[in-house]
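Step one of this worksheet: look at the structure below.
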Number of protein chains: 2
Amino acid sequence: MIDSPFGAVRHLDLFARMSDESFLRLTRAAYLQSFPAQLQLIAEGDPADFLHVLVSGRVELFSTWNGRETSMATVHPVSTFILAATVRDAPYLMSARTVEKSRLILIPSQDVREIFEQDIGFAKAIVNELARCYRATIRTSKNLKLRNSQERLANYLLRQLGKSGNRTRFELLAEKRRVASYLGMTPENLSRAFNALKAHGVEVDGSHVTIVDHDKLVAFACPHALLDDYAN
Amino acid sequence: MIDSPFGAVRHLDLFARMSDESFLRLTRAAYLQSFPAQLQLIAEGDPADFLHVLVSGRVELFSTWNGRETSMATVHPVSTFILAATVRDAPYLMSARTVEKSRLILIPSQDVREIFEQDIGFAKAIVNELARCYRATIRTSKNLKLRNSQERLANYLLRQLGKSGNRTRFELLAEKRRVASYLGMTPENLSRAFNALKAHGVEVDGSHVTIVDHDKLVAFACPHALLDDYAN
DNA sequence: CGTCCTTTTGAACATTGTCAAACACTGTGG
DNA sequence: CCACAGTGTTTGACAATGTTCAAAAGGACG
């Protein structure tokens, strides 16, 4: 098991508590594959033939309508994505593309559904994962409806600050245009929002962000557990 | 079982495929209760002590931040709400209030979690329900980010039209201010959006909506399965 | 009839998006 | 090494969209 290419995956929340037998059955038909940057992995509307697990690299989930496109989320290793389509045997609601060179494990959706019906440990893990994703999306929705773009950016920066171990200085992990799309605005608007946040203790130089006055930013952003603590 | 107050619930997707024994255990400590209109049932941030099942009436899910409020969804009988908080034993992300006089079954979350671990039929149903809710929320998010307010209203009307059995004339099921909040805009903006849709085959008189020219409205709204078919 | 609430309308305003141009950065090929 | 193209970012002017505030109009209900 340890020298299997799927060793890294075994410890994921989703797979950790399933039986060895189930895990072997699940990964028997699975395969590990490398993809170059900027490659579209999934087109929304396609049938969910595979559960995707990102092992290394980075993947962007996005959606389109009527010629418009919006970034929905960025997936970091090691984690799965678009589990809901797999368990419901329904078409993907989001498209996916690699941001950088990435390795993924593709597990046939059919196997996921079969083993989920037999392995209670796996079923429990799926429930937890789905509930977590669901709640994350609710937060995203609240964020979009209750805050304007400057407030969304301010809170986004505070969340990134937390992820980077509360250093006052950190790097944006995506291009600004992607950040803008993720936050539901245009690149031009993001640029102006960054300018506006100078008055609230934020300095930007390229992709380097410095939180000069943390208290001031918090006072402006009003972060809230039910909107910004994506952990639980 | 049939003359139990929980008979109506037994046939819900969530409970239909669990064993009789599990169902009895689940409902043993549950209780049916009536609530008047406009009563707040749940405050966001509270621990999820009970899984709520709406048996009759109507419930609105909403969220607040910094003195602002937004309507997130309307729950119709018979269905459960805020399942995710229950299974994760986490605080509610949304508040709930009755829109009209309603009857609800309250099931202790503790029991839901215990029985979910033992009854595979129940576990499967929870997974399906969570995946469905998750996908619905993704659609909501896409809707908010990819469409402007007129487009959101136009597609909302087409969805309501479908629900009402495609009669050309139907009633709004909620006050316009709630519809506005649900669609992410102000009541004033909704009023103007309705006016703008006159040019696209929509007539409004109070809460009565008539789709005068269905093709014209469709041409403007551009409804899309991955955004508007909340069924799967 | 009066009261309360919702809805509508108008005007002013704020926010966000669009378009065009300038600028910065990166990598390529001469 | 430099010129160059290509891409992403920033800025300014302007347009579109959405909000706020105030007031009027409409409905529900005692």
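Residues in the structure tokens are named by chain (A, B, ... in the order shown) and by number from 1 within that chain; ligands are numbered from 1 in the order shown.
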Within 10 Å of Ala154 of chain B using only C-alpha atoms (C1' of nucleotides), minus same-chain residues under 4 positions, as a count of residues only: 15
With a cut-off of 10 Å, could you pull out the residues of chain B touching chain C and give me the nearest pair of atoms for each, distance in Å to one decimal, using only C-alpha atoms (C1' of nucleotides), ordered by chain and ascending number, as a Markdown table?
```
| residue | atom | partner | partner_atom | distance |
| --- | --- | --- | --- | --- |
| B:Glu175 | CA | C:DT6 | C1' | 8.5 |
| B:Lys176 | CA | C:DT7 | C1' | 8.3 |
| B:Arg177 | CA | C:DT6 | C1' | 8.1 |
| B:Pro187 | CA | C:DT7 | C1' | 8.2 |
| B:Glu188 | CA | C:DT8 | C1' | 7.7 |
| B:Ser191 | CA | C:DT8 | C1' | 7.0 |
| B:Arg192 | CA | C:DT8 | C1' | 8.8 |
| B:Gly206 | CA | C:DT7 | C1' | 8.7 |
```
Take the residues from that selection and put them in a file with N, CA and C atoms, as a tab-separated table (two decimals), in the first residue's frame.
```
chain	number	residue	atom	x	y	z
B	175	GLU	N	-43.91	37.46	-0.93
B	175	GLU	CA	-43.95	38.90	-1.09
B	175	GLU	C	-42.82	39.34	-2.02
B	176	LYS	N	-43.05	40.42	-2.73
B	176	LYS	CA	-42.02	40.88	-3.67
B	176	LYS	C	-40.73	41.25	-2.95
B	177	ARG	N	-40.85	41.80	-1.76
B	177	ARG	CA	-39.62	42.15	-1.04
B	177	ARG	C	-38.77	40.92	-0.73
B	187	PRO	N	-36.04	45.91	-3.16
B	187	PRO	CA	-37.41	45.93	-3.68
B	187	PRO	C	-37.58	46.93	-4.81
B	188	GLU	N	-36.97	48.09	-4.68
B	188	GLU	CA	-37.07	49.11	-5.73
B	188	GLU	C	-36.50	48.60	-7.04
B	191	SER	N	-38.85	46.10	-8.63
B	191	SER	CA	-39.97	46.77	-9.27
B	191	SER	C	-39.58	47.27	-10.66
B	192	ARG	N	-38.37	47.83	-10.75
B	192	ARG	CA	-37.91	48.32	-12.05
B	192	ARG	C	-37.57	47.18	-13.00
B	206	GLY	N	-49.94	43.04	-9.27
B	206	GLY	CA	-49.81	42.58	-7.90
B	206	GLY	C	-48.94	41.35	-7.85
```
DSSP alpha helix (DSSP H) residues within segment 49-203 of chain B, as a PyMOL selection string: chain B and resi 83-88+109-118+120-146+149-163+176-182+187-197
Given only C-alpha atoms as the counted atoms, nearest of A:Ala180, A:Ala199, A:Val204, A:Leu144 to chain B: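 Between A:Ala180, A:Ala199, A:Val204, A:Leu144, the residue approaching chain B most closely is A:Leu144.
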Residues of chain D within 10 Å of chain B, counting only C-alpha atoms (C1' of nucleotides), as a ChimeraX atom specification: /D:17-20,26-27
Residues of chain B within 9 Å of chain A, counting only C-alpha atoms, as number ranges by chain: B: 44-45, 63-66, 68-70, 72, 83-85, 87-88, 90-94, 116-121, 123-124, 126-128, 130-135, 137-142, 144-147, 181, 184-185, 222, 224-227, 232
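Across the model, the gap from atom CA of Glu21 of chain A to atom CA of Phe122 of chain A is 11.7 Å.
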Long-range neighbours of Val59 of chain A as JSON, numbers by chain, 10 Å cut-off, only C-alpha atoms (C1' of nucleotides), 2 positions minimum in chain: {"A": [37, 38, 39, 40, 41, 54, 56, 57, 61, 62, 73, 74, 75, 76, 77, 81, 96, 97, 98, 99, 100, 101, 102, 103, 104]}
Interatomic distance (Å, one decimal) between atom CA of Ala43 of chain A and atom CA of Leu106 of chain A: 15.3 Å
Strand (DSSP E) residues, from DSSP on the backbone, in segment 7-220 of chain B, as an MDAnalysis selection string: chainID B and resid 31:35 40:42 50:56 59:65 68:75 79:81 95:98 102:108 169:171 202:205 208:211
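With atom CA of Arg178 of chain A on one side and atom CA of Ala48 of chain A on the other, the separation reads 25.1 Å.
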Near-Gly162 of chain B list (12 Å; only C-alpha atoms (C1' of nucleotides); drop same-chain fewer than 3 positions) as a VMD selection string: chain B and resid 155 to 159 165 to 170 211 214 223 228 to 231
Okay, now the selection with N, CA and C atoms, as an mmCIF file, in the first residue's frame?
```cif
data_model
loop_
_atom_site.group_PDB
_atom_site.id
_atom_site.type_symbol
_atom_site.label_atom_id
_atom_site.label_comp_id
_atom_site.auth_asym_id
_atom_site.auth_seq_id
_atom_site.Cartn_x
_atom_site.Cartn_y
_atom_site.Cartn_z
ATOM 1 N N ASN B 155 -35.197 34.553 -15.337
ATOM 2 C CA ASN B 155 -35.052 33.107 -15.171
ATOM 3 C C ASN B 155 -35.821 32.601 -13.957
ATOM 4 N N TYR B 156 -35.891 33.393 -12.934
ATOM 5 C CA TYR B 156 -36.711 33.031 -11.770
ATOM 6 C C TYR B 156 -38.162 32.848 -12.186
ATOM 7 N N LEU B 157 -38.670 33.774 -13.001
ATOM 8 C CA LEU B 157 -40.050 33.671 -13.464
ATOM 9 C C LEU B 157 -40.253 32.410 -14.296
ATOM 10 N N LEU B 158 -39.288 32.098 -15.137
ATOM 11 C CA LEU B 158 -39.415 30.876 -15.936
ATOM 12 C C LEU B 158 -39.412 29.636 -15.053
ATOM 13 N N ARG B 159 -38.628 29.648 -13.989
ATOM 14 C CA ARG B 159 -38.623 28.502 -13.080
ATOM 15 C C ARG B 159 -39.961 28.385 -12.369
ATOM 16 N N GLY B 165 -46.802 24.297 -13.378
ATOM 17 C CA GLY B 165 -47.375 23.466 -14.422
ATOM 18 C C GLY B 165 -47.518 24.179 -15.751
ATOM 19 N N ASN B 166 -46.618 25.136 -15.984
ATOM 20 C CA ASN B 166 -46.579 25.854 -17.262
ATOM 21 C C ASN B 166 -47.889 26.533 -17.674
ATOM 22 N N ARG B 167 -48.658 26.968 -16.676
ATOM 23 C CA ARG B 167 -49.762 27.856 -17.020
ATOM 24 C C ARG B 167 -49.124 29.199 -17.386
ATOM 25 N N THR B 168 -49.722 29.920 -18.298
ATOM 26 C CA THR B 168 -49.106 31.195 -18.680
ATOM 27 C C THR B 168 -49.253 32.217 -17.561
ATOM 28 N N ARG B 169 -50.197 31.938 -16.651
ATOM 29 C CA ARG B 169 -50.451 32.878 -15.575
ATOM 30 C C ARG B 169 -50.227 32.166 -14.244
ATOM 31 N N PHE B 170 -49.484 32.775 -13.357
ATOM 32 C CA PHE B 170 -49.266 32.147 -12.049
ATOM 33 C C PHE B 170 -49.071 33.220 -10.994
ATOM 34 N N ILE B 211 -47.147 35.416 -18.371
ATOM 35 C CA ILE B 211 -46.124 35.344 -19.417
ATOM 36 C C ILE B 211 -46.849 35.482 -20.752
ATOM 37 N N HIS B 214 -43.934 33.788 -24.278
ATOM 38 C CA HIS B 214 -42.969 32.863 -23.673
ATOM 39 C C HIS B 214 -41.648 32.839 -24.443
ATOM 40 N N PRO B 223 -32.354 30.594 -20.301
ATOM 41 C CA PRO B 223 -32.279 29.617 -19.218
ATOM 42 C C PRO B 223 -31.340 28.484 -19.600
ATOM 43 N N ASP B 228 -30.511 26.423 -13.921
ATOM 44 C CA ASP B 228 -31.911 26.587 -13.547
ATOM 45 C C ASP B 228 -32.675 25.311 -13.245
ATOM 46 N N ASP B 229 -32.152 24.153 -13.622
ATOM 47 C CA ASP B 229 -32.865 22.911 -13.326
ATOM 48 C C ASP B 229 -32.452 22.407 -11.951
ATOM 49 N N TYR B 230 -33.117 22.927 -10.945
ATOM 50 C CA TYR B 230 -32.717 22.613 -9.581
ATOM 51 C C TYR B 230 -33.027 21.167 -9.188
ATOM 52 N N ALA B 231 -33.717 20.448 -10.087
ATOM 53 C CA ALA B 231 -34.165 19.107 -9.737
ATOM 54 C C ALA B 231 -32.997 18.163 -9.440
#
```
